[in-house]
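Have a look at the structure below before the remarks.
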Amino acid sequence: MKNLFTKNKTYTFISVVFLIILWKAGSLMVSSEFILPSPEKTFFSLIQLTTEPEFFNTIGSTILRGLLGFFISFILALSLGIFAGIQEKFRAFLQPLLVTIRSTPVISLILLALIWFNVNQVPVFIALLTMFPFICTNIIDGIRNVDHDLIHMAQVYRIRNKNIIRHIYIPAIMPYIFSGTSSAMGFGWRAIIIGEVLSQPTYGIGTLMQNAQTYLLTDRLIAWTVLAIIISYFFDLLIRFIEKQSITWKQT
Amino acid sequence: MILLVLFFCIQFTSCNKSQEKTDSVDVYTLKGPSAISMVQMIDETHTLKGKEVHFKIKNEPLQIRSLIFQKKADFAIVPTNLAAIIHNKKPGYQLAAVPVWGTLYLFGSHSEISNWEDLKNKRIHLMAKGMTPDVMFRYLLKEHGLKPGTDIQLDYSFPTHIELANAVASEKAKMGVISEPLVSMVMHKNSNVKSIMSLNSEWKKVTDLEIPQTALLVNKNFAIQNPEIVSLFLSKYQQSCQWINENHEKGAQLITKYKILNNKGIAKNSIPRCNIRFEYAEDIKPLINEYLNTFYQMNPNIVGGKLPDEKFIYKK
């Protein structure tokens, strides 16, 4: 088992190296720093970005917007999702709303948000609307997949409702919450940055990406992209870590 | 990975296309003062030395930027600072002439404002962060001791000219910085909207210089192969710029004919405010350098990291 794990890691490593070599070859072929800068130039720009005075404000603002959007949508999704999971009528009521939000192009949401809200609220609103349907749908699915016989049995044995929720419902929907959160976050970060590009708040990764695009600073544009990927990846790892913790907690 | 493969596919297909470029003279201009300055030429000049001339009017400078990189344009109009960025990043185009001299206005429905002090704690809408209207306005703010973010709020939520013009017309944006002829258009739509300041005259007060705002670029290879066409084009363009200033009535007709504006009255009012005057770049080199240097001092990236060298200017 362990052997297999390290073997997979080797392949991951090869894949990353392959990608960088391909990138380098591409930049040599194009031989124009502003069309496709070399990986090392981009790496230096990345290092340089982190030393700039506004770096932490920029990264921090984007992350804060993401987290704010996430928490609002999470609380909303949890309360509506649980209710819809239990109440079939409410579920039927909620379903069209979820489908509509999920199918609306992100860019329409942004263009509307630019009319409705002020600049700093736009990315948060986008984050909220893109993440909410993912989490909510997953929670509904989780509740519906709870073993009904088990609940029935618990009721027969007169186990208190509080304990039914704690020992049957919550453990059953946990995996759904985590997978919903994970995909919601992956989608959410991208949406936030699009929102920032268009709304141009004072601080934000998207703001500086647009700036780099205007001035043809392609290395900086790619460096910010790499940072956005790192942020998204970090939060994905964090969610998996919390998931692991909660499973061990469940088993003890 | 997929992205990279895709990148190469697109790169190669576009290379092939640019080789197939037809034997015509392709001119790209911007909707607004630059198109107005060219309108007589658009109407009359269909061939030059036997080659067909195609004029195309685009909405945004960035659309023209990509046509320049694909070498599809023989002549192209862009803001002067963008011309410098292009020259510094990928030489191949030269600045031949400056046809438009400052057409930006601060305007809106805040009628009580008349000087810079009044702008304190107000919200002002700008479009396209980093482009001419934005950097020019920021420069003037700095010169008047106003700090964006603390003394004054700058808002970029309407990203293009047209969106910002509509926002000011509907008073969703109380104040904005925008170019003619949209200023005239909005003031015509909504009589609450007034012109508050001409950035042109404010700039003159501070720097004692005029604004060589717009650049006519010529493709260097095209110019080497067709020097006669280039000089003919430039003299026709110079005539077109003179003609529009002398013929407001007929000019307005052509402006609506080529759909630069859709109202003759507005077009007529806006012509004198467009500040059209043709100057060969070679004749005004020091002025262009000083203009770019002002931006360079603010942030070198505005002109592409460094001041452009000698080769930037096309020699007649």
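Convention: chains lettered A, B, ... in structure tokens order; per-chain residue numbering from 1; ligands numbered from 1 as shown.
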Point to revise | Contact residues (chain B, partner chain A, 10 Å, only C-alpha atoms) as a PyMOL selection string | key: chain B and resi 1+4-5+7-8+11+62+69+81-82+85-86+89-90+127-131+148-149+153-159+167+172+300-305
Practice item. Write out as a list in words which residues come within 8 Å of Gly188 of chain A when counting only C-alpha atoms, dropping same-chain ones fewer than 2 positions away. Key: Gly66, Ile126, Ala127, Leu128, Thr130, Met131, Ala184, Met185, Gly186, Arg190, Ala191 and Ile192 of chain A
Next, write the just-selected residues to a file, as an mmCIF file, in the first residue's frame, keeping C-alpha atoms as the atom set.
data_model
loop_
_atom_site.group_PDB
_atom_site.id
_atom_site.type_symbol
_atom_site.label_atom_id
_atom_site.label_comp_id
_atom_site.auth_asym_id
_atom_site.auth_seq_id
_atom_site.Cartn_x
_atom_site.Cartn_y
_atom_site.Cartn_z
ATOM 1 C CA GLY A 66 -13.950 34.171 -0.578
ATOM 2 C CA ILE A 126 -20.610 36.158 -6.813
ATOM 3 C CA ALA A 127 -18.881 33.812 -4.389
ATOM 4 C CA LEU A 128 -22.118 33.371 -2.472
ATOM 5 C CA THR A 130 -21.735 30.221 -7.132
ATOM 6 C CA MET A 131 -21.076 28.213 -3.962
ATOM 7 C CA ALA A 184 -18.040 24.799 -4.293
ATOM 8 C CA MET A 185 -14.709 26.266 -3.221
ATOM 9 C CA GLY A 186 -12.964 25.199 -6.419
ATOM 10 C CA ARG A 190 -12.400 31.306 -9.891
ATOM 11 C CA ALA A 191 -15.656 33.234 -9.803
ATOM 12 C CA ILE A 192 -14.339 35.688 -7.205
#
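In this comparison, which uses only C-alpha atoms, the residue of A:Ala84, A:Ile139, A:Ile110, A:Ala228 approaching Thr58 of chain A most closely is A:Ala228.
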Point to revise | Neighbour list for Gly85 of chain A as JSON, numbers by chain, cut-off 8 Å, only C-alpha atoms, skip fewer than 3 positions in-chain | key: {"A": [81, 82, 88, 91, 139, 140, 141, 142, 143, 144]}
Check your understanding: Which one is closest to Ala267 of chain B: B:His188, B:Lys236, B:Lys147, B:His54? Count only C-alpha atoms.
Key ->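 Selected residue with least distance to Ala267 of chain B: B:His188.
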I want to know what sits within 6 Å of Ala223 of chain A, based on only C-alpha atoms, with residues of the same chain fewer than 3 positions away left out; could you give that as a JSON list (two decimals) with C-alpha atoms, in the first residue's frame?
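Result written to result_0.json:
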[["chain", "number", "residue", "atom", "x", "y", "z"],
["A", 42, "THR", "CA", 7.57, 33.96, -14.02],
["A", 46, "LEU", "CA", 6.21, 35.56, -8.29],
["A", 220, "ARG", "CA", 3.02, 38.98, -13.57],
["A", 226, "VAL", "CA", -0.12, 30.54, -10.00]]
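Our summary of the geometry notes that atom CA of Asn293 of chain B is positioned 12.4 Å from atom CA of Met136 of chain B.
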Point to revise | DSSP-assigned alpha helix (DSSP H) among segment 40-218 of chain B, expressed as number ranges by chain | key: B: 40-44, 61-69, 80-89, 132-143, 161-169, 182-189, 199-207
Point to revise | All residues 12 Å or closer to Met174 of chain A, only C-alpha atoms, same chain fewer than 5 positions away omitted, as a PyMOL selection string | key: chain A and resi 78+135+138-143+145-146+165-169+179-181+239-240+242-247+249-250
Exercise for review: List the neighbours of segment 237-240 of chain B out to 8 Å using only C-alpha atoms; skip same-chain residues closer than 6 positions along the sequence, and give me the result as a VMD selection string.
Suggested key: chain B and resid 37 to 41 278 to 279
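Take the candidates A:Leu67, A:Leu150, A:Ile194, A:Leu94 and check each one against Ser108 of chain A using only C-alpha atoms; the shortest distance goes to A:Ile194.
Between atom CA of Leu48 of chain B and atom CA of Ala84 of chain B the interatomic distance comes to 27.9 Å.
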Review point. Just how far from atom CA of Lys31 of chain B is atom CA of His110 of chain B, in Å to one decimal?
Key: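 It comes out at 27.2 Å.
Look at Asn245 of chain B: the protein and nucleic acid residues within 10 Å of it, using only C-alpha atoms and passing over chain neighbours fewer than 6 places away, are B:Ser37, B:Gly251, B:Ile271, B:Pro272, B:Cys274, B:Asn275, B:Ile276, B:Arg277.
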Check your understanding: Out of segment 46-238 of chain B, which residues get strand (DSSP E or B) from DSSP, as a PyMOL selection string?
Key -> chain B and resi 47-48+51-58+75-79+93-100+104-108+123-125+148+152-155+175-179+194-198+214-219
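The residue that comes closest to Tyr176 of chain A, out of A:Ser27, A:Cys136, A:Ile222, A:Glu52 and on the basis of only C-alpha atoms, is A:Cys136.
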